[in-house]
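Below: the structure, in structure tokens.
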Amino acid sequence: MVQLTLSGVGVAYGKRRVLSNVDAADLRGGEVVALIGANAAGKSSLFRRIAGLASGDGTVSLGGTSRVAGRATPQCCYLPQDTAVNAVLTVYESILLALNMGATLFRMTVDECLLGVTRHAAAALGRAAAVGTLEGGKFCDLAIWDVESPAERVYRMGFNPLHSRVWKG
């Protein structure tokens with residue numbers, strides 16, 4: 001699993017410091033972590049700093065390797081919440097993009113990618129008691145795909161092999 005560590009991290013845009021002294025020890029892949037704050041508190045700036053797209057003080061370590069501020073690397077990406085791309089993607093296309101990015105950019109396994117948009121997504125949204133796994137007492141939103149292996153859903157884009165679906169079954 002990937003591990004993220006922040007030590008004294010800050011963000012500055014030119015001479016203007018917008019965030020300082022952020023510490024987070026050993027955040028591991030698969031954990032559910034929330035970053036909560038008011039508008040303009042620096043949440044997006046922190047994510048940009050982690051991705052190497054913003055400069056500032058402190059150390060960002062991803063997978064045990066310190067990252068250079070202001071230099072993006074293939075191990076991490078940043079997808080802003082409000083872009084022209086998001087405006088034209090459907091929910092389905094956004095999920096496909098997340099699956100593909102998880103596998104190609106973050107080197108996640110197919111199983112880790114699929115868990116990220118099912119069981120782990122339900123847990124992150126506080127919905128794990130009602131959705132996210134196939135078991136008695138839960139709602140079932142199920143897609144049945146005409147694919148030879150789950151990897152086709154993760155690596156292959158631009159086609160829709162949906163065979164059938166069940167909503168709230």
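Every chain in the structure tokens has a letter given in the order shown (A, B, ...), and although residue numbers restart at 1 in each chain, ligands are simply numbered from 1 in the order shown.
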Which neighbours of Val147 (chain A) fall inside 10 Å, counting only C-alpha atoms, when residues of the same chain fewer than 2 positions from it are skipped, and could you give them as a ChimeraX atom specification?
-> /A:144-145,149-153,160-163
9 Å contact set for Tyr13 (chain A), only C-alpha atoms, chain neighbours under 5 positions out, as an NGL selection string = :A and (18 or 54-56)
Residues of region 1-53 of chain A that approach region 58-62 of chain A to 7 Å or less, counting only C-alpha atoms: could you list each one with the shortest pair of atoms and its distance in Å to one decimal, rows by chain and increasing residue number, as a Markdown table?
| residue | atom | partner | partner_atom | distance |
| --- | --- | --- | --- | --- |
| A:Gln3 | CA | A:Leu62 | CA | 5.8 |
| A:Leu4 | CA | A:Leu62 | CA | 4.6 |
| A:Thr5 | CA | A:Ser61 | CA | 5.1 |
| A:Leu6 | CA | A:Val60 | CA | 4.8 |
| A:Ser7 | CA | A:Thr59 | CA | 5.2 |
| A:Gly8 | CA | A:Gly58 | CA | 4.5 |
| A:Val9 | CA | A:Gly58 | CA | 4.1 |
| A:Gly10 | CA | A:Gly58 | CA | 6.2 |
| A:Ile50 | CA | A:Val60 | CA | 6.2 |
Would you save the residues of that selection, restricted to C-alpha atoms, as a PDB file, in the first residue's frame?
ATOM      1  CA  GLN A   3       1.847   5.748   2.275  1.00  0.00           C
ATOM      2  CA  LEU A   4       1.585   9.541   2.430  1.00  0.00           C
ATOM      3  CA  THR A   5       3.367  11.620   5.079  1.00  0.00           C
ATOM      4  CA  LEU A   6       3.227  15.417   5.452  1.00  0.00           C
ATOM      5  CA  SER A   7       5.680  17.256   7.663  1.00  0.00           C
ATOM      6  CA  GLY A   8       5.456  21.021   8.170  1.00  0.00           C
ATOM      7  CA  VAL A   9       3.850  21.429   4.753  1.00  0.00           C
ATOM      8  CA  GLY A  10       2.937  24.903   3.568  1.00  0.00           C
ATOM      9  CA  ILE A  50       0.689  16.973  -2.431  1.00  0.00           C
TER      10      ILE A  50
END
Would you please work out which residue, of A:Ala34, A:Val166, A:Leu46, A:Val2, is nearest to Arg17 (chain A) when using only C-alpha atoms?
->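 Of A:Ala34, A:Val166, A:Leu46, A:Val2, the one nearest Arg17 (chain A) is A:Leu46, counting only C-alpha atoms.
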